[in-house]
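Step one of this worksheet: look at the structure below.
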Amino acid sequence: MAPDGKTNKTDKESMDYISRLPESVIHHILSFLPFQQIVRTSVLSKTWNRLWSNYPNVDLALDFGMYNCPRPQFLGIFERIMNQCLFRKDCIQKLKLGINFPGLEELVPFLDRLLGAAIVRNVSELVIKLHCRVGVDGPYGFYSIPQEVFTGSLKVLEIERCKFEGCHACIELRYLQKFTLNCCKFFGENLLNEILCGCPELEFLDVSFCEGVGHCLSVLSKPRLKYFNVAHLKEPARIEVFAPSLETFKCSSLIPCAIDLARCTVLKYLELDGADLSADYIHIQDLLSKLLYIEELQLRNCKVADKIEISSSCLKKLVITDYINFLGVEMDIPNLLHLDVSVTGPCNPRSKFSSWNVPKVEEIHMGFSVQSFRALCRAGLKGFLMKLQYYENLKLLIECKGLQLEKFIVLEKLHAVSFSSLDTFLKKATPEFIVISSRRVENIFGHMLFPIDNPISVSLIFSSRQSIELLYRKLSSEKPMPFAFRDFQLVPTEEIEHEMDSAWKSFMKKHSTGYQTATIIVRCLKEAF
């Protein structure tokens, strides 16, 4: 400190401990900050300007709508940003570029120059996300990435709204480990297959919302591939994968598609959404018999001609979600620990829960429409639940949507309700959804409270007042998303009885004997938005 009480230059330097750290450590610290803040450090001192010049990551997000200027002026701004953030640097490790601009044809020369400079600087991670229209009001355009980009030492490549043409067929990305393609177009028969042939070291592959993939999508000779996601593709009638190390496969189908995973013998996670499970496309049991390490299977909105068979001694978690129809399933899964079933469509009257062999289930979550619940009760649902080793931990949630108020009843103990009494209530009250679950109460209906416009009442029938207050504190005090913009009030159930119809009042009164009751009112804080 100087005699006059002011901090001199030497004192300031002695206080700058961060700049004394090794440059690699400082770069690691900077990587946790937003890119705009990292750029601002360049004006702190000559030392920090040097650190910025050597910082190897560039993250640019430019939205024309945020600039009140003509398009040529915006392009000038883009060029100045490129000069400051990219061209001054000798080496680039990661370049992330996101642009929203209504004139792709004007932007192409700038994009070509930017990507060329990144390749020359040995970029290893390249992320390109474009939302550019052809003309001011035209459709979204697709940028053709220069062929020289697909060379060098790229390890990560994520591309959105770009197109691939014949010139891209012979690309070689020998070091590429992660490849993500979203909303891209391919012009050429089997072009994507040819591109993938030039990526022998892939570990992660995601192909979503793309067009022109071709009749057959083949992922062959990928010894290191561990994750493969295919989502919402229109063309392929067949997907074949030969990846001996593949652990996760996800497929969301728009059309019936045959899938060959027989040689992916170490697969642990399989998710099929909208798939056709008939013998002509995916014979699920035949596939499971070849997957000796499978741990989790998710079947969502799959098409079936008859009930399916699921038999596996490896499966630990099974999720079945069916919003169209539920023709039934036979289960022989002796080591299953987690079972999640949601059925809202019509059910096969020949379904029988007696064919469900899942003796070790620890967590169960089942959701039904009233129609499907009553049908499955006739199929032996109650008997199946009573055989579970954690039957006494099951909770019951009933949801009814109204114009003015959405209502829930939550019973902490399912076994306190007779199914005949529940059936009588369902006939009179016609609720929308029923859940039987072993999960924590806040985890059961949390997603049902988001988003909300009308107030929600959650009437609780619990074994103790302490449990009610604990749930209220978790929702109102911690307020994890999606509860952040909500107001919670805990009130006696009697205060809202005037808003209940006679069926709800009768049900609450009948099943509250010997239990504690209260109601949580949830309102949206609109001013927060």
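In the structure tokens, the first chain shown is A, the next is B, and so on; residue numbers restart at 1 for each chain, and ligands run from 1 in the order shown.
For region 200-206 of chain A, the list of residues within 8 Å, based on only C-alpha atoms and with local chain neighbours fewer than 6 positions off taken out, reads Leu173, Arg174, Tyr175, Leu176, Gln177, Lys178, Phe179, Thr180, Leu181, Asn182, Ser221, Lys222, Pro223, Arg224, Leu225, Lys226, Tyr227, Phe228, Asn229 and Val230 of chain A.
Excluding region 406-416 of chain A and any residue on its chain fewer than 3 positions from it, the residues at most 6 Å away by only C-alpha atoms are Leu394, Lys395, Leu396, Leu397, Ile398, Glu399, Cys400, Lys401, Gly402, Ile456, Ser457, Val458, Ser459, Leu460, Ile461 and Phe462 of chain A.
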If you keep all heavy atoms, can you produce a file of those selected residues as a compact mmCIF listing (two decimals), in the first residue's frame?
```txt
# COMPACT_ATOMS: atom_id res chain seq x y z
N LEU A 394 -46.93 -49.36 -1.92
CA LEU A 394 -47.54 -48.78 -3.11
C LEU A 394 -48.47 -47.62 -2.75
O LEU A 394 -49.21 -47.67 -1.77
CB LEU A 394 -48.32 -49.84 -3.88
CG LEU A 394 -47.51 -51.00 -4.46
CD1 LEU A 394 -48.42 -51.95 -5.22
CD2 LEU A 394 -46.40 -50.48 -5.36
N LYS A 395 -48.41 -46.56 -3.58
CA LYS A 395 -49.28 -45.40 -3.42
C LYS A 395 -50.28 -45.36 -4.57
O LYS A 395 -50.05 -45.94 -5.63
CB LYS A 395 -48.49 -44.09 -3.42
CG LYS A 395 -47.55 -43.90 -2.23
CD LYS A 395 -46.17 -44.35 -2.56
CE LYS A 395 -45.19 -44.07 -1.43
NZ LYS A 395 -43.90 -44.74 -1.64
N LEU A 396 -51.36 -44.61 -4.35
CA LEU A 396 -52.39 -44.45 -5.37
C LEU A 396 -52.60 -42.98 -5.64
O LEU A 396 -52.76 -42.17 -4.70
CB LEU A 396 -53.71 -45.07 -4.90
CG LEU A 396 -54.94 -44.83 -5.79
CD1 LEU A 396 -54.77 -45.53 -7.14
CD2 LEU A 396 -56.21 -45.31 -5.09
N LEU A 397 -52.57 -42.61 -6.91
CA LEU A 397 -52.83 -41.23 -7.32
C LEU A 397 -53.95 -41.24 -8.35
O LEU A 397 -53.95 -42.04 -9.29
CB LEU A 397 -51.57 -40.59 -7.90
CG LEU A 397 -51.70 -39.14 -8.40
CD1 LEU A 397 -50.42 -38.37 -8.13
CD2 LEU A 397 -52.02 -39.07 -9.89
N ILE A 398 -54.91 -40.34 -8.16
CA ILE A 398 -56.04 -40.19 -9.09
C ILE A 398 -56.07 -38.75 -9.56
O ILE A 398 -56.04 -37.82 -8.75
CB ILE A 398 -57.37 -40.56 -8.42
CG1 ILE A 398 -57.29 -41.98 -7.83
CG2 ILE A 398 -58.52 -40.47 -9.41
CD1 ILE A 398 -58.48 -42.35 -6.96
N GLU A 399 -56.15 -38.56 -10.88
CA GLU A 399 -56.14 -37.21 -11.46
C GLU A 399 -57.44 -36.94 -12.19
O GLU A 399 -57.94 -37.78 -12.93
CB GLU A 399 -54.97 -37.06 -12.43
CG GLU A 399 -54.94 -35.72 -13.16
CD GLU A 399 -53.94 -35.67 -14.27
OE1 GLU A 399 -53.36 -36.72 -14.63
OE2 GLU A 399 -53.72 -34.57 -14.83
N CYS A 400 -57.98 -35.74 -11.99
CA CYS A 400 -59.19 -35.30 -12.70
C CYS A 400 -58.97 -33.87 -13.15
O CYS A 400 -58.73 -32.98 -12.33
CB CYS A 400 -60.42 -35.41 -11.79
SG CYS A 400 -61.95 -34.93 -12.63
N LYS A 401 -59.05 -33.64 -14.46
CA LYS A 401 -58.86 -32.30 -15.00
C LYS A 401 -60.20 -31.60 -15.15
O LYS A 401 -61.15 -32.17 -15.66
CB LYS A 401 -58.14 -32.34 -16.34
CG LYS A 401 -56.68 -32.75 -16.23
CD LYS A 401 -55.96 -32.57 -17.55
CE LYS A 401 -54.48 -32.89 -17.40
NZ LYS A 401 -53.73 -32.69 -18.66
N GLY A 402 -60.24 -30.34 -14.69
CA GLY A 402 -61.45 -29.54 -14.82
C GLY A 402 -61.15 -28.22 -15.50
O GLY A 402 -60.00 -27.85 -15.71
N ILE A 456 -54.33 -26.05 -8.88
CA ILE A 456 -54.37 -27.50 -8.69
C ILE A 456 -54.56 -27.78 -7.21
O ILE A 456 -53.93 -27.16 -6.35
CB ILE A 456 -53.06 -28.16 -9.17
CG1 ILE A 456 -52.96 -28.06 -10.69
CG2 ILE A 456 -52.99 -29.62 -8.74
CD1 ILE A 456 -51.66 -28.61 -11.24
N SER A 457 -55.45 -28.73 -6.92
CA SER A 457 -55.61 -29.18 -5.54
C SER A 457 -55.13 -30.62 -5.44
O SER A 457 -55.50 -31.46 -6.26
CB SER A 457 -57.06 -29.07 -5.08
OG SER A 457 -57.86 -30.04 -5.72
N VAL A 458 -54.28 -30.88 -4.45
CA VAL A 458 -53.75 -32.23 -4.22
C VAL A 458 -54.23 -32.66 -2.84
O VAL A 458 -53.68 -32.23 -1.82
CB VAL A 458 -52.21 -32.25 -4.30
CG1 VAL A 458 -51.71 -33.68 -4.13
CG2 VAL A 458 -51.73 -31.66 -5.62
N SER A 459 -55.27 -33.46 -2.80
CA SER A 459 -55.83 -33.93 -1.53
C SER A 459 -55.08 -35.17 -1.08
O SER A 459 -54.99 -36.16 -1.81
CB SER A 459 -57.33 -34.22 -1.68
OG SER A 459 -58.03 -33.04 -2.03
N LEU A 460 -54.55 -35.12 0.14
CA LEU A 460 -53.68 -36.17 0.65
C LEU A 460 -54.38 -36.99 1.72
O LEU A 460 -55.05 -36.45 2.60
CB LEU A 460 -52.41 -35.55 1.24
CG LEU A 460 -51.63 -34.57 0.33
CD1 LEU A 460 -50.50 -33.93 1.11
CD2 LEU A 460 -51.10 -35.29 -0.90
N ILE A 461 -54.22 -38.30 1.64
CA ILE A 461 -54.66 -39.22 2.70
C ILE A 461 -53.42 -40.01 3.11
O ILE A 461 -53.02 -40.96 2.43
CB ILE A 461 -55.78 -40.16 2.21
CG1 ILE A 461 -56.96 -39.36 1.68
CG2 ILE A 461 -56.23 -41.09 3.33
CD1 ILE A 461 -58.08 -40.21 1.11
N PHE A 462 -52.80 -39.57 4.22
CA PHE A 462 -51.51 -40.12 4.65
C PHE A 462 -51.64 -40.75 6.04
O PHE A 462 -52.58 -40.47 6.79
CB PHE A 462 -50.44 -39.03 4.67
CG PHE A 462 -49.82 -38.75 3.33
CD1 PHE A 462 -50.55 -38.87 2.15
CD2 PHE A 462 -48.50 -38.39 3.23
CE1 PHE A 462 -49.98 -38.62 0.92
CE2 PHE A 462 -47.90 -38.12 2.01
CZ PHE A 462 -48.65 -38.24 0.84
```
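Using only C-alpha atoms, the shortest contact distance between Gly76 (chain A) and any of A:Lys96, A:Phe110, A:Leu154, A:Leu388 is found at A:Phe110.
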So how many Å separate CA of Asn301 (chain A) and CA of Asn325 (chain A), to one decimal? 8.5 Å
Distance criterion (only C-alpha atoms): nearest to Tyr140 (chain A) out of A:Cys167, A:Cys184, A:Ile119, A:Met508: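 With only C-alpha atoms as the atom set, the closest residue is A:Cys184.
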Give me the residues within 7 Å of Asn193 (chain A) as a list of chain:residue names, counting only C-alpha atoms and dropping any in the same chain fewer than 4 places off. A:Cys197, A:Leu217, A:Ser218
For Glu189 (chain A), please output as a list in words all residues within 12 Å (counting only C-alpha atoms; exclusion window: fewer than 2 positions along the same chain).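 So, after excluding close chain neighbours, the residues are Phe164, Glu165, Gly166, Ala169, Lys185, Phe186, Phe187, Leu191, Leu192, Asn193, Glu194, Ile195, Glu211, Gly212, Val213, Gly214, His215, Cys216, Leu217, Glu235 and Pro236 of chain A.
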Here is a test: counting only C-alpha atoms, which residue of A:Ile333, A:Val343, A:Cys302, A:Ile259 is nearest to Lys317 (chain A)?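 Answer, going by the shortest atom-to-atom distance: A:Ile333.
The space separating CA of Thr344 (chain A) from CA of Ser278 (chain A) comes to 21.2 Å.
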Which distance in Å separates CA of Cys170 (chain A) and CA of Leu111 (chain A), to one decimal?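 These atoms are spaced 21.8 Å apart.
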Identify, on the basis of only C-alpha atoms, every residue whose closest approach to Leu261 (chain A) does not exceed 10 Å; exclude the query and any residue fewer than 3 positions from it along the same chain; express the result as a list in words.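 Selected residues are Ile239, Glu240, Val241, Phe242, Ala243, Pro244, Leu246, Phe249, Ala258, Cys264, Thr265, Leu267, Ile282, Leu287, Leu288, Lys290 and Leu291 of chain A.
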Would you please work out which residue, of A:Ile308, A:Leu315, A:Val266, A:Leu426, is nearest to Ser355 (chain A) when using only C-alpha atoms?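 Selected residue with least distance to Ser355 (chain A): A:Ile308.
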Contact residues around Asp322 (chain A) with only C-alpha atoms at 10 Å, ignoring same-chain residues under 6 positions, as a JSON list (two decimals) with C-alpha atoms, in the first residue's frame:
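What follows is the written file part.json:
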```json
[["chain", "number", "residue", "atom", "x", "y", "z"],
["A", 273, "ASP", "CA", -40.25, -45.91, -29.98],
["A", 274, "GLY", "CA", -42.95, -46.50, -32.60],
["A", 299, "LEU", "CA", -40.80, -50.07, -25.60],
["A", 300, "ARG", "CA", -42.80, -46.93, -26.36],
["A", 301, "ASN", "CA", -45.87, -46.79, -28.61],
["A", 302, "CYS", "CA", -44.81, -49.91, -30.46],
["A", 303, "LYS", "CA", -47.07, -51.63, -32.98],
["A", 341, "VAL", "CA", -45.94, -49.60, -17.44],
["A", 342, "SER", "CA", -48.29, -46.91, -18.82],
["A", 343, "VAL", "CA", -51.41, -47.95, -20.70],
["A", 344, "THR", "CA", -54.09, -45.53, -21.86],
["A", 345, "GLY", "CA", -55.53, -47.22, -24.96],
["A", 346, "PRO", "CA", -57.83, -50.23, -25.36],
["A", 347, "CYS", "CA", -56.59, -53.47, -23.78],
["A", 368, "PHE", "CA", -53.70, -46.07, -16.64]]
```
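Nearest residue to Ser289 (chain A) among A:Ser354, A:Asn122, A:Thr424, A:Ser313 is A:Ser313, counting only C-alpha atoms.
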Calculated over only C-alpha atoms, which of the candidates A:His365, A:Arg486, A:Lys474, A:Lys352 has the smallest distance to Arg378 (chain A)? A:Lys352
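Excluding Phe142 (chain A) itself and any same-chain residue fewer than 5 positions from it, the protein and nucleic acid residues within 10 Å of it, counting only C-alpha atoms, are Leu104, Glu105, Leu130, His131, Cys132, Arg133, Val134, Glu160, Arg161, Cys162, Lys163, Phe164, Cys183, Cys184 and Lys185 of chain A.
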Looking only at the backbone, which of the residues in region 132-318 of chain A does DSSP tag as helix (DSSP H, G or I), as a list of chain:residue names?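 The helix (DSSP H, G or I) subset of region 132-318 of chain A is A:Gln147, A:Glu148, A:Val149, A:Phe150, A:Gly166, A:Cys167, A:His168, A:Leu191, A:Leu192, A:Asn193, A:Glu194, A:Ile195, A:Leu196, A:Cys197, A:Ile284, A:Gln285, A:Asp286, A:Leu287, A:Leu288.
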What are the DSSP strand (DSSP E or B) residues of region 140-192 of chain A, as a PyMOL selection string? chain A and resi 140+143-144+156-160+162-164+178-182+185-186
